[in-house]
file work_15.cif (mmCIF, C-alpha atoms)
data_start
loop_
_atom_site.label_atom_id
_atom_site.label_comp_id
_atom_site.auth_asym_id
_atom_site.auth_seq_id
_atom_site.Cartn_x
_atom_site.Cartn_y
_atom_site.Cartn_z
CA MET A 1354 0.00 0.00 0.00
CA ALA A 1355 1.25 3.47 -0.75
CA VAL A 1356 2.81 5.49 2.01
CA THR A 1357 0.85 8.57 3.04
CA ASN A 1358 1.63 11.44 5.42
CA SER A 1359 5.11 10.11 6.22
CA SER A 1360 7.79 12.46 7.51
CA ASP A 1361 11.38 12.71 6.31
CA ASP A 1362 12.69 10.87 9.37
CA TYR A 1363 10.12 8.08 8.94
CA ARG A 1364 11.09 7.65 5.29
CA ALA A 1365 14.77 7.59 6.21
CA VAL A 1366 14.24 4.65 8.55
CA ARG A 1367 11.70 2.74 6.46
CA TYR A 1368 12.86 3.32 2.92
CA GLU A 1369 15.72 5.66 2.06
CA GLY A 1370 18.58 5.26 4.50
CA ALA A 1371 18.81 5.26 8.28
CA GLY A 1372 17.54 7.22 11.24
CA LEU A 1373 19.46 8.30 14.33
CA ILE A 1374 17.62 7.96 17.64
CA ASP A 1375 18.81 9.40 20.95
CA LEU A 1376 17.83 6.79 23.53
CA SER A 1377 19.66 8.42 26.44
CA SER A 1378 16.53 9.74 28.15
CA ARG A 1379 14.62 6.51 27.48
CA ARG A 1380 17.15 3.96 28.75
CA GLY A 1381 19.22 3.32 31.87
CA GLN A 1382 22.40 1.23 32.23
CA ILE A 1383 23.60 -0.72 35.25
CA LEU A 1384 26.95 -2.53 35.33
CA VAL A 1385 27.08 -5.74 37.36
CA SER A 1386 30.51 -7.19 37.98
CA GLY A 1387 32.37 -9.53 40.29
CA ARG A 1388 33.15 -13.24 40.47
CA ASP A 1389 29.58 -14.10 41.49
CA ALA A 1390 27.81 -11.80 38.99
CA ALA A 1391 26.74 -14.52 36.56
CA MET A 1392 25.46 -16.78 39.34
CA PHE A 1393 23.36 -14.10 41.02
CA LEU A 1394 21.98 -12.70 37.77
CA ASN A 1395 21.08 -16.16 36.53
CA GLY A 1396 18.85 -16.65 39.56
CA LEU A 1397 17.10 -13.33 39.04
CA VAL A 1398 16.22 -13.18 35.35
CA THR A 1399 14.23 -15.28 32.89
CA ASN A 1400 17.03 -15.92 30.40
CA ASP A 1401 20.27 -17.88 30.67
CA VAL A 1402 23.07 -15.65 31.94
CA LYS A 1403 25.19 -18.55 33.16
CA ASN A 1404 25.94 -19.62 29.58
CA LEU A 1405 26.13 -16.11 28.11
CA ALA A 1406 29.56 -15.85 26.51
CA ARG A 1407 31.59 -12.69 26.81
CA GLY A 1408 31.01 -10.60 23.71
CA SER A 1409 27.34 -11.53 23.39
CA TRP A 1410 24.00 -10.31 24.71
CA ILE A 1411 20.45 -11.52 25.39
CA PRO A 1412 17.05 -10.05 26.19
CA ALA A 1413 15.71 -10.98 29.62
CA ALA A 1414 13.14 -10.00 32.21
CA PHE A 1415 13.12 -9.54 35.96
CA ALA A 1416 10.00 -11.03 37.54
CA ASN A 1417 8.65 -11.29 41.07
CA VAL A 1418 7.67 -14.56 42.76
CA GLN A 1419 4.20 -14.34 41.18
CA GLY A 1420 5.79 -14.24 37.72
CA ARG A 1421 4.80 -10.61 37.23
CA LEU A 1422 7.07 -8.25 35.34
CA ILE A 1423 9.49 -5.96 37.17
CA ALA A 1424 11.55 -4.92 34.14
CA SER A 1425 12.38 -5.90 30.58
CA VAL A 1426 16.14 -5.69 30.02
CA ARG A 1427 19.02 -6.49 27.73
CA ILE A 1428 22.07 -8.11 29.32
CA ILE A 1429 25.35 -7.34 27.53
CA HIS A 1430 28.39 -9.39 28.56
CA ARG A 1431 31.34 -7.00 28.31
CA ASN A 1432 34.94 -7.37 29.39
CA ASP A 1433 34.21 -5.52 32.64
CA GLY A 1434 31.02 -7.39 33.56
CA PHE A 1435 27.37 -7.47 32.59
CA LEU A 1436 25.86 -4.22 31.32
CA ILE A 1437 22.12 -4.25 31.97
CA ASP A 1438 20.16 -1.92 29.70
CA THR A 1439 16.56 -1.19 30.66
CA GLU A 1440 13.91 1.49 30.27
CA THR A 1441 14.33 4.62 32.38
CA VAL A 1442 11.07 3.97 34.19
CA THR A 1443 12.37 0.61 35.47
CA ARG A 1444 15.99 1.61 36.13
CA ASP A 1445 15.55 2.34 39.84
CA LYS A 1446 13.67 -0.92 40.38
CA VAL A 1447 16.51 -2.90 38.81
CA VAL A 1448 19.18 -1.03 40.79
CA ASP A 1449 17.30 -1.57 44.06
CA LEU A 1450 16.74 -5.25 43.35
CA LEU A 1451 20.37 -5.92 42.42
CA SER A 1452 21.78 -3.89 45.31
CA ARG A 1453 20.26 -6.31 47.82
CA PHE A 1454 22.85 -8.91 46.83
CA THR A 1455 26.03 -6.83 47.08
CA LEU A 1456 26.78 -8.13 50.59
CA ALA A 1457 26.08 -11.76 49.70
CA GLY A 1458 29.23 -12.35 47.66
CA ASP A 1459 31.59 -10.86 45.09
CA PHE A 1460 28.82 -8.92 43.38
CA ARG A 1461 29.08 -5.22 42.57
CA VAL A 1462 26.45 -2.89 41.12
CA ALA A 1463 27.15 0.48 39.48
CA ASP A 1464 24.48 2.73 37.96
CA LEU A 1465 26.14 4.18 34.85
CA THR A 1466 23.08 5.97 33.45
CA GLU A 1467 24.35 9.49 34.10
CA GLU A 1468 27.79 8.63 32.74
CA MET A 1469 26.63 7.03 29.50
CA GLY A 1470 24.73 8.09 26.40
CA THR A 1471 22.84 5.73 24.09
CA LEU A 1472 22.30 6.13 20.36
CA SER A 1473 20.54 3.87 17.89
CA LEU A 1474 20.94 3.69 14.12
CA GLN A 1475 17.89 2.19 12.43
CA GLY A 1476 17.31 1.50 8.75
CA LYS A 1477 18.64 -0.36 5.74
CA LYS A 1478 21.74 1.82 5.50
CA SER A 1479 22.54 1.71 9.22
CA ALA A 1480 25.50 -0.64 8.70
CA GLU A 1481 26.88 1.59 5.93
CA PHE A 1482 26.69 4.74 8.05
CA LEU A 1483 28.07 2.98 11.12
CA GLY A 1484 30.97 1.56 9.13
CA SER A 1485 31.94 4.99 7.82
CA VAL A 1486 32.33 6.25 11.40
CA LEU A 1487 33.48 3.23 13.41
CA GLY A 1488 34.86 0.84 10.81
CA GLU A 1489 33.90 -2.33 8.99
CA GLU A 1490 34.21 -4.56 12.06
CA ALA A 1491 31.41 -2.66 13.77
CA ALA A 1492 29.26 -2.62 10.63
CA SER A 1493 29.57 -6.39 10.15
CA LEU A 1494 28.60 -7.21 13.74
CA GLU A 1495 26.43 -10.33 13.93
CA ARG A 1496 23.17 -10.45 15.84
CA GLY A 1497 23.58 -11.44 19.44
CA CYS A 1498 27.20 -10.29 19.49
CA VAL A 1499 28.89 -7.31 21.16
CA ILE A 1500 31.84 -5.22 20.00
CA GLN A 1501 33.73 -2.76 22.19
CA SER A 1502 35.25 -0.20 19.84
CA THR A 1503 36.66 3.31 20.33
CA PHE A 1504 35.64 6.78 19.17
CA ASN A 1505 37.71 9.85 20.02
CA GLU A 1506 39.61 7.70 22.52
CA LYS A 1507 36.37 6.75 24.30
CA GLU A 1508 35.08 3.20 24.44
CA VAL A 1509 31.88 2.42 22.54
CA THR A 1510 29.84 -0.72 23.21
CA ILE A 1511 27.92 -1.76 20.09
CA ILE A 1512 25.17 -4.33 19.69
CA ARG A 1513 23.02 -5.16 16.70
CA ALA A 1514 19.41 -4.48 17.71
CA THR A 1515 16.11 -3.21 16.36
CA HIS A 1516 13.56 -0.78 17.77
CA THR A 1517 11.72 -0.37 14.46
CA ALA A 1518 11.68 -3.80 12.73
CA GLU A 1519 14.48 -2.45 10.52
CA GLU A 1520 18.16 -3.34 10.66
CA GLY A 1521 19.90 -1.44 13.42
CA PHE A 1522 22.66 -0.93 15.96
CA ASP A 1523 22.69 0.45 19.49
CA LEU A 1524 25.76 2.32 20.71
CA PHE A 1525 26.65 2.99 24.35
CA ILE A 1526 29.33 5.63 24.93
CA ASP A 1527 30.71 7.88 27.65
CA SER A 1528 28.44 10.93 27.90
CA GLY A 1529 31.43 13.22 27.33
CA ALA A 1530 31.83 11.88 23.78
CA PHE A 1531 28.13 11.44 23.05
CA LYS A 1532 27.62 14.71 21.17
CA GLU A 1533 30.62 14.11 18.89
CA LEU A 1534 29.46 10.59 18.01
CA ASP A 1535 25.94 11.86 17.38
CA GLU A 1536 27.28 14.52 15.00
CA ALA A 1537 29.57 12.06 13.23
CA LEU A 1538 26.70 9.69 12.47
CA TRP A 1539 24.53 12.60 11.33
CA ASN A 1540 27.31 13.80 9.03
CA ALA A 1541 27.54 10.24 7.66
CA GLY A 1542 23.96 10.57 6.43
CA ALA A 1543 21.66 9.47 9.25
CA GLU A 1544 18.45 11.46 9.71
CA ILE A 1545 17.50 12.62 13.23
CA VAL A 1546 14.34 10.77 14.33
CA GLU A 1547 11.82 12.82 16.29
CA ASP A 1548 9.99 11.40 19.32
CA GLU A 1549 6.62 11.26 17.55
CA THR A 1550 8.09 9.33 14.62
CA PHE A 1551 9.92 6.95 16.91
CA GLU A 1552 6.63 6.10 18.64
CA VAL A 1553 5.03 5.24 15.28
CA LEU A 1554 8.00 3.04 14.34
CA ARG A 1555 7.94 1.35 17.76
CA ILE A 1556 4.29 0.39 17.49
CA GLU A 1557 4.73 -0.87 13.92
CA ALA A 1558 7.55 -3.05 15.27
CA GLY A 1559 5.40 -4.25 18.17
CA ILE A 1560 7.93 -3.34 20.86
CA PRO A 1561 6.17 -2.84 24.22
CA ARG A 1562 6.91 -0.02 26.68
CA PHE A 1563 6.76 -0.48 30.42
CA GLY A 1564 3.97 1.58 31.96
CA ILE A 1565 2.07 1.65 28.66
CA ASP A 1566 1.95 -1.87 27.19
CA MET A 1567 2.94 -3.77 30.34
CA ASP A 1568 3.46 -3.08 34.02
CA GLU A 1569 4.02 -4.73 37.40
CA ASN A 1570 0.59 -6.41 37.15
CA THR A 1571 1.48 -8.14 33.87
CA VAL A 1572 2.55 -11.79 34.03
CA VAL A 1573 5.70 -12.18 31.93
CA SER A 1574 4.05 -14.97 29.91
CA GLU A 1575 1.30 -12.57 28.83
CA THR A 1576 3.73 -10.25 27.06
CA CYS A 1577 5.34 -10.62 23.64
CA LEU A 1578 8.75 -11.00 25.31
CA ASP A 1579 8.95 -14.70 24.43
CA ASP A 1580 12.60 -14.46 23.33
CA ALA A 1581 13.51 -13.24 26.82
CA ILE A 1582 12.49 -16.52 28.45
CA SER A 1583 14.69 -19.62 28.51
CA ASP A 1584 12.93 -22.99 28.63
CA THR A 1585 16.06 -24.87 29.68
CA LYS A 1586 17.83 -22.82 32.38
CA GLY A 1587 17.78 -23.51 36.10
CA CYS A 1588 15.70 -21.84 38.78
CA TYR A 1589 14.98 -18.11 38.81
CA VAL A 1590 12.53 -15.84 40.59
CA GLY A 1591 9.05 -16.33 39.10
CA GLN A 1592 9.96 -19.51 37.22
CA GLU A 1593 7.38 -21.68 38.97
CA ILE A 1594 4.49 -19.54 37.71
CA ILE A 1595 5.94 -19.04 34.22
CA ILE A 1596 6.64 -22.76 33.72
CA ARG A 1597 3.28 -23.75 35.17
CA ILE A 1598 1.55 -21.54 32.60
CA LYS A 1599 3.63 -23.07 29.81
CA HIS A 1600 2.78 -26.62 30.90
CA ARG A 1601 -0.88 -25.73 31.28
CA GLY A 1602 -0.84 -24.80 27.62
CA HIS A 1603 -1.47 -21.06 27.46
CA VAL A 1604 -2.24 -17.86 29.32
CA ALA A 1605 -5.77 -16.51 29.63
CA LYS A 1606 -4.77 -13.43 27.61
CA LYS A 1607 -1.71 -12.37 25.65
CA GLN A 1608 -0.21 -9.37 23.94
CA THR A 1609 -0.80 -9.25 20.19
CA GLY A 1610 -1.55 -6.82 17.39
CA ILE A 1611 -4.67 -5.62 15.63
CA ILE A 1612 -5.15 -3.77 12.35
CA LEU A 1613 -8.28 -1.78 11.52
CA LYS A 1614 -9.53 -1.51 7.97
CA GLU A 1615 -9.26 2.28 8.01
CA ALA A 1616 -7.14 5.07 9.46
CA ILE A 1617 -8.73 6.44 12.64
CA HIS A 1618 -7.42 7.63 15.99
CA LEU A 1619 -7.69 4.93 18.64
CA GLN A 1620 -7.16 5.71 22.32
CA PRO A 1621 -5.29 3.43 24.75
CA GLY A 1622 -7.76 1.50 26.87
CA THR A 1623 -10.28 1.16 24.03
CA ALA A 1624 -12.19 -2.13 24.28
CA VAL A 1625 -11.60 -4.69 21.53
CA LEU A 1626 -14.78 -6.59 20.65
CA SER A 1627 -15.49 -9.92 18.99
CA GLU A 1628 -17.71 -10.20 15.93
CA ASP A 1629 -20.72 -10.76 18.21
CA GLY A 1630 -19.93 -7.72 20.32
CA ASN A 1631 -18.35 -9.27 23.43
CA GLU A 1632 -15.35 -7.54 24.96
CA ILE A 1633 -12.25 -9.67 24.36
CA GLY A 1634 -9.45 -7.30 25.26
CA ARG A 1635 -8.05 -3.78 25.51
CA VAL A 1636 -5.76 -1.59 23.39
CA THR A 1637 -2.49 -0.43 24.98
CA SER A 1638 -0.73 1.49 22.16
CA SER A 1639 -1.98 2.58 18.76
CA THR A 1640 -1.01 4.71 15.80
CA ILE A 1641 -1.86 5.30 12.16
CA SER A 1642 0.83 3.55 10.15
CA PRO A 1643 2.17 5.65 7.25
CA ASN A 1644 3.25 2.41 5.58
CA LEU A 1645 -0.18 0.79 5.71
CA ASN A 1646 -2.37 3.91 5.89
CA GLN A 1647 -4.38 2.04 8.52
CA THR A 1648 -4.72 2.10 12.28
CA ILE A 1649 -2.57 -0.47 14.02
CA ALA A 1650 -2.47 -1.25 17.73
CA MET A 1651 -0.98 -3.45 20.40
CA ALA A 1652 -3.54 -5.06 22.67
CA TYR A 1653 -4.13 -7.85 25.15
CA LEU A 1654 -6.71 -10.32 23.85
CA LYS A 1655 -8.29 -13.42 25.33
CA PHE A 1656 -6.57 -16.60 24.20
CA ASP A 1657 -9.45 -17.85 22.02
CA TYR A 1658 -9.15 -14.75 19.80
CA LEU A 1659 -5.37 -14.72 19.22
CA LYS A 1660 -5.41 -16.56 15.91
CA MET A 1661 -4.13 -14.38 13.09
CA ARG A 1662 -6.85 -12.73 10.96
CA THR A 1663 -9.56 -13.30 13.57
CA PRO A 1664 -12.18 -10.59 12.91
CA ILE A 1665 -12.50 -7.93 15.64
CA LYS A 1666 -14.06 -4.51 15.96
CA VAL A 1667 -13.92 -1.40 18.11
CA GLU A 1668 -16.58 1.19 18.86
CA ILE A 1669 -15.72 4.89 18.91
CA ASP A 1670 -18.40 7.50 19.63
CA GLY A 1671 -21.10 5.01 18.71
CA THR A 1672 -19.50 4.04 15.38
CA THR A 1673 -18.22 0.52 14.79
CA HIS A 1674 -14.88 0.00 13.04
CA GLU A 1675 -13.84 -3.45 11.82
CA GLY A 1676 -10.42 -5.01 11.80
CA LEU A 1677 -8.38 -8.18 12.19
CA VAL A 1678 -5.99 -9.70 14.70
CA ASP A 1679 -2.41 -9.67 13.43
CA GLU A 1680 0.82 -10.97 14.87
CA ILE A 1681 3.58 -8.85 16.33
CA PRO A 1682 5.50 -7.23 14.68
CA LEU A 1683 2.73 -5.52 12.80
CA LEU A 1684 5.23 -4.61 10.09
CA ARG A 1685 7.95 -7.10 9.15
CA ALA A 1686 10.74 -5.05 7.65
CA SER A 1687 14.47 -5.43 6.94
CA TRP A 1688 15.29 -6.88 10.39
CA TYR A 1689 13.30 -9.94 9.31
CA GLY A 1690 14.93 -10.21 5.92
CA VAL A 1691 11.87 -9.24 3.89
CA ILE A 1692 9.17 -6.59 3.93
CA GLU A 1693 5.83 -8.34 4.00
CA ASP A 1694 2.51 -6.74 3.18
CA GLN A 1695 0.48 -6.84 6.38
CA VAL A 1696 -2.65 -5.44 4.78
CA PRO A 1697 -5.57 -7.92 4.76
CA ALA A 1698 -6.67 -8.96 1.31
#

call {"tool": "encode", "arguments": {"input": "work_15.cif", "output": "structure tokens"}}
result
Amino acid sequence: MAVTNSSDDYRAVRYEGAGLIDLSSRRGQILVSGRDAAMFLNGLVTNDVKNLARGSWIPAAFANVQGRLIASVRIIHRNDGFLIDTETVTRDKVVDLLSRFTLAGDFRVADLTEEMGTLSLQGKKSAEFLGSVLGEEAASLERGCVIQSTFNEKEVTIIRATHTAEEGFDLFIDSGAFKELDEALWNAGAEIVEDETFEVLRIEAGIPRFGIDMDENTVVSETCLDDAISDTKGCYVGQEIIIRIKHRGHVAKKQTGIILKEAIHLQPGTAVLSEDGNEIGRVTSSTISPNLNQTIAMAYLKFDYLKMRTPIKVEIDGTTHEGLVDEIPLLRASWYGVIEDQVPA
């Protein structure tokens, strides 16, 4: 479908090049180090830290004993320990949780958020632009791997990651060199991505935000964070509930996507209805996709309605609008190797 009402920064990410996103105010970083760091972390998060090789990273989640979400994180195994990257809104919770264990062994926690800036390059030319600034080794970084490079004599931690369903890289650097790196990537051709555009791209990619699409009342198994959960690792906080749900077969509701057949504004909290008018879930985030020229949304739906292309509808000011259930991501772009048309036939 033709793109309508798209901005220059949206086009740069989706079609023409790459966008540059300042994540510094959105993310927090905590460094965990010490001989016992892997052991303690492995007992606290949903993914397998014990077998995480240096120079690689994984998504993970912190849960409480009821299996409810405390924070969604990325754990980056660097030379100096494990760098935990999380949303700003959950940073203090993670620091407080980890700090409880500093007297239990060789386990040290340092909040580096104020000392570090975070940039993300997103788009089909992100590797090209990154390579022109930081070299071919950084540009050829494989998924799941970490490179520690240098820029202006400051260390840069680089991972390959997406926030938009496009190819991308995240860069963590000392805040004193952040501005220079930002300018260098901009001079290489990357377009600055505005906050409003980033939110559209995020929802198209189906990436949830804590406090909007999930919170401390959300069971981890209800989210779309499936790649953050290991089925084979040993015990961790919340595992009993998470594994019990898996063995039972499914959760009562789960995060998924919906696409309406038209472009309308849809408020968070809007009820999602079945064909016969019963409430089956609620919208958490929504936007009008410039790529599809349709309204797309993330929502929690009852299990029986999760099948792709299940008809749904919403009511706004007494008017009914029809749509379909769709899987997350709502737009499968270059990160997935192919751009697929998500528009119902």

call {"tool": "closest_residue", "arguments": {"input": "work_15.cif", "among": "A:Asn1505, A:Ser1360, A:Lys1655, A:Leu1465", "to": "Glu1632 (chain A)", "atoms": "all atoms listed in the file"}}
result
A:Lys1655

call {"tool": "resolve_selection", "arguments": {"input": "work_15.cif", "expression": "the PyMOL selection byres ((chain A and resi 1497) around 9)", "output": "PyMOL selection string"}}
result
chain A and resi 1408-1411+1494-1496+1498-1499+1512-1514

call {"tool": "resolve_selection", "arguments": {"input": "work_15.cif", "expression": "the PyMOL selection byres ((chain A and resi 1544) around 8)", "output": "JSON, numbers by chain"}}
result
{"A": [1361, 1362, 1365, 1371, 1372, 1373, 1539, 1542, 1543, 1545, 1546]}

call {"tool": "resolve_selection", "arguments": {"input": "work_15.cif", "expression": "the PyMOL selection byres ((chain A and resi 1668-1682) around 8)", "output": "list of chain:residue names"}}
result
A:Ala1518, A:Glu1557, A:Ala1558, A:Gly1559, A:Ile1560, A:Cys1577, A:Thr1609, A:Gly1610, A:Ile1611, A:Ile1612, A:Leu1613, A:Lys1614, A:Glu1615, A:Ala1624, A:Tyr1658, A:Leu1659, A:Lys1660, A:Met1661, A:Arg1662, A:Thr1663, A:Pro1664, A:Ile1665, A:Lys1666, A:Val1667, A:Leu1683, A:Leu1684, A:Arg1685, A:Pro1697

call {"tool": "residues_around", "arguments": {"input": "work_15.cif", "residues": "region 1564-1572 of chain A", "least_positions_apart": "4", "cutoff": "9 Å", "atoms": "all atoms listed in the file", "output": "list in words"}}
result
Ala1416, Asn1417, Gln1419, Gly1420, Arg1421, Leu1422, Ile1423, Ala1424, Val1442, Ile1560, Thr1576, Ile1594, Ile1595, Gln1608, Pro1621, Val1636, Thr1637, Ser1638, Met1651, Ala1652 and Tyr1653 of chain A

call {"tool": "closest_residue", "arguments": {"input": "work_15.cif", "among": "A:Arg1364, A:Arg1427, A:Arg1555, A:Lys1403", "to": "Lys1586 (chain A)", "atoms": "all atoms listed in the file"}}
result
A:Lys1403

call {"tool": "decode", "arguments": {"input": "work_15.cif", "residues": "region 1432-1474 of chain A", "atoms": "C-alpha atoms", "output": "mmCIF file, in the first residue's frame"}}
result
data_model
loop_
_atom_site.group_PDB
_atom_site.id
_atom_site.type_symbol
_atom_site.label_atom_id
_atom_site.label_comp_id
_atom_site.auth_asym_id
_atom_site.auth_seq_id
_atom_site.Cartn_x
_atom_site.Cartn_y
_atom_site.Cartn_z
ATOM 1 C CA ASN A 1432 34.939 -7.371 29.394
ATOM 2 C CA ASP A 1433 34.212 -5.515 32.644
ATOM 3 C CA GLY A 1434 31.024 -7.394 33.559
ATOM 4 C CA PHE A 1435 27.367 -7.471 32.589
ATOM 5 C CA LEU A 1436 25.861 -4.216 31.324
ATOM 6 C CA ILE A 1437 22.123 -4.248 31.975
ATOM 7 C CA ASP A 1438 20.164 -1.925 29.698
ATOM 8 C CA THR A 1439 16.562 -1.189 30.665
ATOM 9 C CA GLU A 1440 13.911 1.486 30.271
ATOM 10 C CA THR A 1441 14.333 4.625 32.376
ATOM 11 C CA VAL A 1442 11.073 3.970 34.187
ATOM 12 C CA THR A 1443 12.368 0.614 35.474
ATOM 13 C CA ARG A 1444 15.991 1.610 36.126
ATOM 14 C CA ASP A 1445 15.551 2.343 39.845
ATOM 15 C CA LYS A 1446 13.671 -0.922 40.380
ATOM 16 C CA VAL A 1447 16.510 -2.899 38.812
ATOM 17 C CA VAL A 1448 19.183 -1.032 40.791
ATOM 18 C CA ASP A 1449 17.299 -1.569 44.061
ATOM 19 C CA LEU A 1450 16.737 -5.253 43.349
ATOM 20 C CA LEU A 1451 20.367 -5.920 42.419
ATOM 21 C CA SER A 1452 21.779 -3.895 45.305
ATOM 22 C CA ARG A 1453 20.259 -6.307 47.818
ATOM 23 C CA PHE A 1454 22.846 -8.910 46.830
ATOM 24 C CA THR A 1455 26.028 -6.832 47.084
ATOM 25 C CA LEU A 1456 26.781 -8.131 50.593
ATOM 26 C CA ALA A 1457 26.084 -11.760 49.696
ATOM 27 C CA GLY A 1458 29.233 -12.349 47.658
ATOM 28 C CA ASP A 1459 31.594 -10.860 45.091
ATOM 29 C CA PHE A 1460 28.818 -8.925 43.378
ATOM 30 C CA ARG A 1461 29.076 -5.224 42.566
ATOM 31 C CA VAL A 1462 26.445 -2.893 41.123
ATOM 32 C CA ALA A 1463 27.151 0.481 39.481
ATOM 33 C CA ASP A 1464 24.479 2.727 37.958
ATOM 34 C CA LEU A 1465 26.142 4.176 34.845
ATOM 35 C CA THR A 1466 23.084 5.967 33.453
ATOM 36 C CA GLU A 1467 24.354 9.495 34.102
ATOM 37 C CA GLU A 1468 27.794 8.627 32.737
ATOM 38 C CA MET A 1469 26.630 7.025 29.501
ATOM 39 C CA GLY A 1470 24.734 8.086 26.403
ATOM 40 C CA THR A 1471 22.838 5.726 24.092
ATOM 41 C CA LEU A 1472 22.302 6.127 20.356
ATOM 42 C CA SER A 1473 20.538 3.867 17.890
ATOM 43 C CA LEU A 1474 20.943 3.692 14.120
#
